[in-house]
Amino acid sequence: MSTLEADDRPTTDSNSRFVPRSRQMVQAAPISGRSGPASPRLWPWMDDLESRRGKIGLGLALTLWLLIVVLSAQGRAWSSAQEAWCYWIPSILDPYRQSDWTSPVAYVYSPAFLEAIAPLRALSWTAFAAVWSGLLLLAVMYLTGPRLLWLGVLVAAAEVYGGNISLFLAVAIVLGFRWPATWALVILTKVTPGIGLLWFVVRREWRNLGIALAATAIVAGGSALTMPLAWQQWAHVLMANVGRDGTWAAVPVALWVRLPMAVVLVVWGARTDRRWTVPVASMLALPALWFGGLTMLLAVIALRRMPDAAESAVRRGDIDDGPTAFPDDPGVATLRPTSF
């Protein structure tokens with residue numbers, strides 16, 4: 001008997017099925033290409049932070065954070081965290097007293113957002129700015145990973161310094177592929193970037209769409225019970241700002257031009273299984289495409305690093321990864337790699 005024939009003698013797998021030895025060897029190979037036991041999820045991040053690039057990124061993030069904290073303690077002269085000031089200063093009893101969209105102190109999000117950050121708003125301004133900018137930098141790290149943190153800080157430095165929520169929206173969109181309820185943050189703040197929900201519509205993922213809409217309705221309904229007048233005022237604020245363009249700090253393309261582009265992009269992405277189109281479309285659908293809003297593109301990096309649904313199922317053990325190397329095997333579910 002030849003060596004090839006000997007190696008191809010059938011054996012039995014854990015399910016008592018006869019499997020050629022060559023196929024058994026393919027099954028035994030880990031998906032990730034690494035040998036040895038799997039590391040805890042935290043350790044790869046710690047290793048990346050200890051790398052040269054990770055240390056540079058961490059140093060840049062810490063420097064930017066300290067700069068914001070120091071300047072915020074000096075008062076409003078330096079305009080650090082100026083967007084965050086709009087979230088800290090409104091009165092919960094009259095949140096829309098300053099609601100002119102382009103005003104430096106305008107608050108135009110839903111009352112639910114103010115209620116959600118109420119514990120932070122109880123802090124002094126300097127403490128609020130410190131915590132807020134720290135959370136934004138954590139959002140950057142989540143989107144880029146430790147090894148590309150340096151790039152994320154450079155790209156998002158102005159946005160973190162200003163304190164807008166674009167980075168939080170990017171995180172919510174990325175997480176929304178697994179936990180659709182996070183879309184509530186997008187809809188109850190900027191509103192129009194919720195066009196990304198078309199991903200679920202086109203793909204007929206009705207359960208995920210229902211979760212996203214139900215979560216939004218629950219949060220909005222609970223907030224409306226405690227602040228009914230504020231919700232009426234917010235409706236008037238939205239109507240008053242329809243059709244208004246941004247200032248010099250925004251890309252000079254009107255929403256009515258960008259919105260159809262966003263729809264086409266997310267529909268195409270849903271049909272071709274390209275998740276990166278969702279944050280890009282949501283960015284295009286911002287009420288005003290502020291230059292800082294371009295940082296939502298960092299979500300593309302996060303989606304590129306995320307495993308697709310099939311790989312996640314294999315890692316959780318929901319699907320046997322061995323036979324998937326042979327999709328022609330009858331009775332075996334095929335895991336098709338997806339585009340990010």
# chains A, B, ... in the order shown; residues from 1 in each chain; ligands from 1
$ select_by_dssp --residues "range 124-164 of chain A" --states "alpha helix (DSSP H)" --output "number ranges by chain"
A: 125-144, 149-162
$ residues_around --residues "range 192-203 of chain A" --least-positions-apart "4" --cutoff "8 Å" --atoms "only C-alpha atoms" --output "tab-separated table (two decimals) with C-alpha atoms, in the first residue's frame"
chain	number	residue	atom	x	y	z
A	183	TRP	CA	-29.22	52.43	16.57
A	186	VAL	CA	-28.18	57.47	16.08
A	187	ILE	CA	-31.89	58.13	15.57
A	208	ASN	CA	-32.90	43.19	13.72
A	209	LEU	CA	-34.94	46.05	12.26
A	262	ALA	CA	-26.55	57.50	0.94
A	263	VAL	CA	-29.65	55.47	0.05
A	266	VAL	CA	-26.45	51.34	1.62
A	267	VAL	CA	-28.85	49.45	-0.70
A	269	GLY	CA	-23.94	47.41	0.16
A	270	ALA	CA	-26.79	45.34	1.57
A	271	ARG	CA	-27.25	43.50	-1.72
A	278	VAL	CA	-23.47	51.47	6.31
A	279	PRO	CA	-21.25	53.92	8.27
A	281	ALA	CA	-23.92	56.12	4.06
A	282	SER	CA	-24.83	57.29	7.55
A	283	MET	CA	-22.02	59.81	7.40
A	284	LEU	CA	-23.28	61.11	4.05
A	285	ALA	CA	-26.74	61.45	5.61
A	286	LEU	CA	-25.62	63.71	8.46
A	287	PRO	CA	-27.84	66.82	8.66
$ atom_distance --atom1 "CA of Glu205 in chain A" --atom2 "CA of Leu188 in chain A"
21.6 Å
$ closest_residue --among "A:Ala214, A:Leu259, A:Ala302, A:Leu185" --to "Trp276 in chain A" --atoms "only C-alpha atoms"
A:Ala302
$ residues_around --residues "range 296-300 of chain A" --least-positions-apart "5" --cutoff "9 Å" --atoms "only C-alpha atoms" --output "PyMOL selection string"
chain A and resi 140+143-144+152+155-156+166-171+173-174+275-277+279-280+282-283+305+340
$ closest_residue --among "A:Ser51, A:Ser79, A:Ser110, A:Gly57" --to "Pro228 in chain A" --atoms "only C-alpha atoms"
A:Ser110
$ residues_around --residues "Leu60 in chain A" --least-positions-apart "6" --cutoff "9 Å" --atoms "only C-alpha atoms" --output "list in words"
Leu149, Trp150, Val153 and Leu154 of chain A
$ residues_around --residues "Ile92 in chain A" --least-positions-apart "6" --cutoff "10 Å" --atoms "only C-alpha atoms" --output "NGL selection string"
:A and (111 or 114-115 or 118 or 227 or 230)
$ write_last_selection --atoms "N, CA and C atoms" --output "PDB file, in the first residue's frame"
ATOM      1  N   PRO A 111     -34.624  65.067  23.883  1.00  0.00           N
ATOM      2  CA  PRO A 111     -34.527  65.127  25.348  1.00  0.00           C
ATOM      3  C   PRO A 111     -33.952  63.850  25.949  1.00  0.00           C
ATOM      4  N   LEU A 114     -30.201  64.037  26.641  1.00  0.00           N
ATOM      5  CA  LEU A 114     -29.860  64.791  27.858  1.00  0.00           C
ATOM      6  C   LEU A 114     -30.076  63.937  29.102  1.00  0.00           C
ATOM      7  N   GLU A 115     -31.184  63.197  29.117  1.00  0.00           N
ATOM      8  CA  GLU A 115     -31.458  62.344  30.269  1.00  0.00           C
ATOM      9  C   GLU A 115     -30.433  61.231  30.387  1.00  0.00           C
ATOM     10  N   ALA A 118     -27.292  62.498  31.993  1.00  0.00           N
ATOM     11  CA  ALA A 118     -27.537  63.298  33.202  1.00  0.00           C
ATOM     12  C   ALA A 118     -26.478  63.079  34.286  1.00  0.00           C
ATOM     13  N   MET A 227     -40.763  64.108  30.118  1.00  0.00           N
ATOM     14  CA  MET A 227     -40.530  65.432  29.539  1.00  0.00           C
ATOM     15  C   MET A 227     -41.412  65.646  28.313  1.00  0.00           C
ATOM     16  N   ALA A 230     -40.865  69.002  26.370  1.00  0.00           N
ATOM     17  CA  ALA A 230     -39.580  69.060  25.677  1.00  0.00           C
ATOM     18  C   ALA A 230     -39.634  68.305  24.353  1.00  0.00           C
TER      19      ALA A 230
END
